[in-house]
Amino acid sequence: MSVQLIHGLYSQIVASSLISTTGEQSLVGTGVGSLSIPANGFSVGDSFHAKIGGKINSTGGGGRSEIIIRVKAGSAVLATTGSFDLDTATDQGWECELDFTVAAIGAIGSMCTNGDFVYTKDGNRQVFGYIFQDVEPFDTTISNTLDITAEWNVLNSGDDIHSSNFVLCQTYKTPI
């Protein structure tokens with residue numbers, strides 16, 4: 001029985017841009033390695049683990065702030081939290097942890113993604129979050145580049161988010 005080691009693919013070394021305006025924007029900062037897989041580079045069962053985190057300010061002004069987190073390969077959305085409310089968080093930590101598995105390959109392949117987005121609320125410092133799971137169509141015959149984005153659905157003055165750490169590893173490679 002051979003043991004397969006976790007293989008690092010990407011490590012962020014520079015914080016992402018601060019996202020404090022409307023419109024979908026990348027949470028991924030500059031790093032080493034690659035977030036791209038070439039055309040026909042996936043096999044059924046290939047699995048990956050990603051963890052990204054940073055700081056968030058959510059004012060909850062007017063009763064709420066809302067954000068959408070999306071996991072994408074090019075323009076294809078692999079998973080999304082959908083829009084969800086945030087409680088007040090002042091310079092608090094957040095983290096999104098993801099697991100991906102290639103379920104089918106080809107032009108009409110599919111990717112199964114499980115994830116969670118959590119952050120610390122002000123006051124009692126409780127951790128609050130959202131767990132999501134999606135199986136989405138995914139074209140493995142083209143080059144794919146992973147991105148994780150944020151979009152403020154309800155944005156108040158003072159709301160912002162950025163990442164300071166992101167690591168992507170391959171956790172399983174299907175034997176050829």
# chains A, B, ... in the order shown; residues from 1 in each chain; ligands from 1

call {"tool": "residues_around", "arguments": {"residues": "stretch 142-154 of chain A", "least_positions_apart": "5", "cutoff": "9 Å", "atoms": "only C-alpha atoms", "output": "PyMOL selection string"}}
result
chain A and resi 19-28+34-41+52+64-74+83-85+107+159-161

call {"tool": "select_by_dssp", "arguments": {"residues": "chain A", "states": "strand (DSSP E or B)", "output": "ChimeraX atom specification"}}
result
/A:7-12,19,25-26,31-33,36-37,47-58,65-73,76-80,84-86,89-104,109-120,127-138,144-154,160-172

call {"tool": "residues_around", "arguments": {"residues": "stretch 109-113 of chain A", "least_positions_apart": "4", "cutoff": "12 Å", "atoms": "only C-alpha atoms", "output": "MDAnalysis selection string"}}
result
chainID A and resid 40 42:50 70:73 76:81 97:105 131:142

call {"tool": "residues_around", "arguments": {"residues": "A:Cys169", "least_positions_apart": "2", "cutoff": "8 Å", "atoms": "only C-alpha atoms", "output": "mmCIF file with N, CA and C atoms, in the first residue's frame"}}
result
data_model
loop_
_atom_site.group_PDB
_atom_site.id
_atom_site.type_symbol
_atom_site.label_atom_id
_atom_site.label_comp_id
_atom_site.auth_asym_id
_atom_site.auth_seq_id
_atom_site.Cartn_x
_atom_site.Cartn_y
_atom_site.Cartn_z
ATOM 1 N N ILE A 6 0.029 14.913 0.883
ATOM 2 C CA ILE A 6 -0.686 16.118 0.454
ATOM 3 C C ILE A 6 0.286 16.965 -0.346
ATOM 4 N N HIS A 7 -0.168 17.419 -1.489
ATOM 5 C CA HIS A 7 0.677 18.190 -2.402
ATOM 6 C C HIS A 7 0.166 19.633 -2.465
ATOM 7 N N GLY A 8 0.993 20.570 -2.010
ATOM 8 C CA GLY A 8 0.614 21.975 -2.045
ATOM 9 C C GLY A 8 0.603 22.508 -3.466
ATOM 10 N N LEU A 9 -0.438 23.250 -3.812
ATOM 11 C CA LEU A 9 -0.567 23.827 -5.141
ATOM 12 C C LEU A 9 -0.398 25.343 -5.136
ATOM 13 N N TYR A 10 -0.830 25.996 -4.045
ATOM 14 C CA TYR A 10 -0.806 27.460 -3.995
ATOM 15 C C TYR A 10 -0.731 27.918 -2.546
ATOM 16 N N PHE A 48 -9.284 18.057 -3.443
ATOM 17 C CA PHE A 48 -8.511 19.224 -3.054
ATOM 18 C C PHE A 48 -9.072 19.793 -1.755
ATOM 19 N N HIS A 49 -8.211 20.476 -1.001
ATOM 20 C CA HIS A 49 -8.617 21.162 0.217
ATOM 21 C C HIS A 49 -8.079 22.590 0.142
ATOM 22 N N ALA A 50 -8.924 23.553 0.488
ATOM 23 C CA ALA A 50 -8.510 24.957 0.494
ATOM 24 C C ALA A 50 -8.964 25.601 1.797
ATOM 25 N N VAL A 167 -4.414 28.844 1.256
ATOM 26 C CA VAL A 167 -3.599 27.695 0.876
ATOM 27 C C VAL A 167 -4.488 26.688 0.161
ATOM 28 N N THR A 171 -5.416 16.721 -2.034
ATOM 29 C CA THR A 171 -5.448 15.714 -0.975
ATOM 30 C C THR A 171 -5.529 14.298 -1.510
#

call {"tool": "atom_distance", "arguments": {"atom1": "atom CA of A:Trp94", "atom2": "atom CA of A:Lys173"}}
result
29.3 Å

call {"tool": "atom_distance", "arguments": {"atom1": "atom CA of A:Thr90", "atom2": "atom CA of A:Thr30"}}
result
24.9 Å

call {"tool": "residues_around", "arguments": {"residues": "A:Asp87", "least_positions_apart": "5", "cutoff": "9 Å", "atoms": "only C-alpha atoms", "output": "count of residues only"}}
result
9

call {"tool": "atom_distance", "arguments": {"atom1": "atom CA of A:Gly158", "atom2": "atom CA of A:Gly123"}}
result
17.6 Å
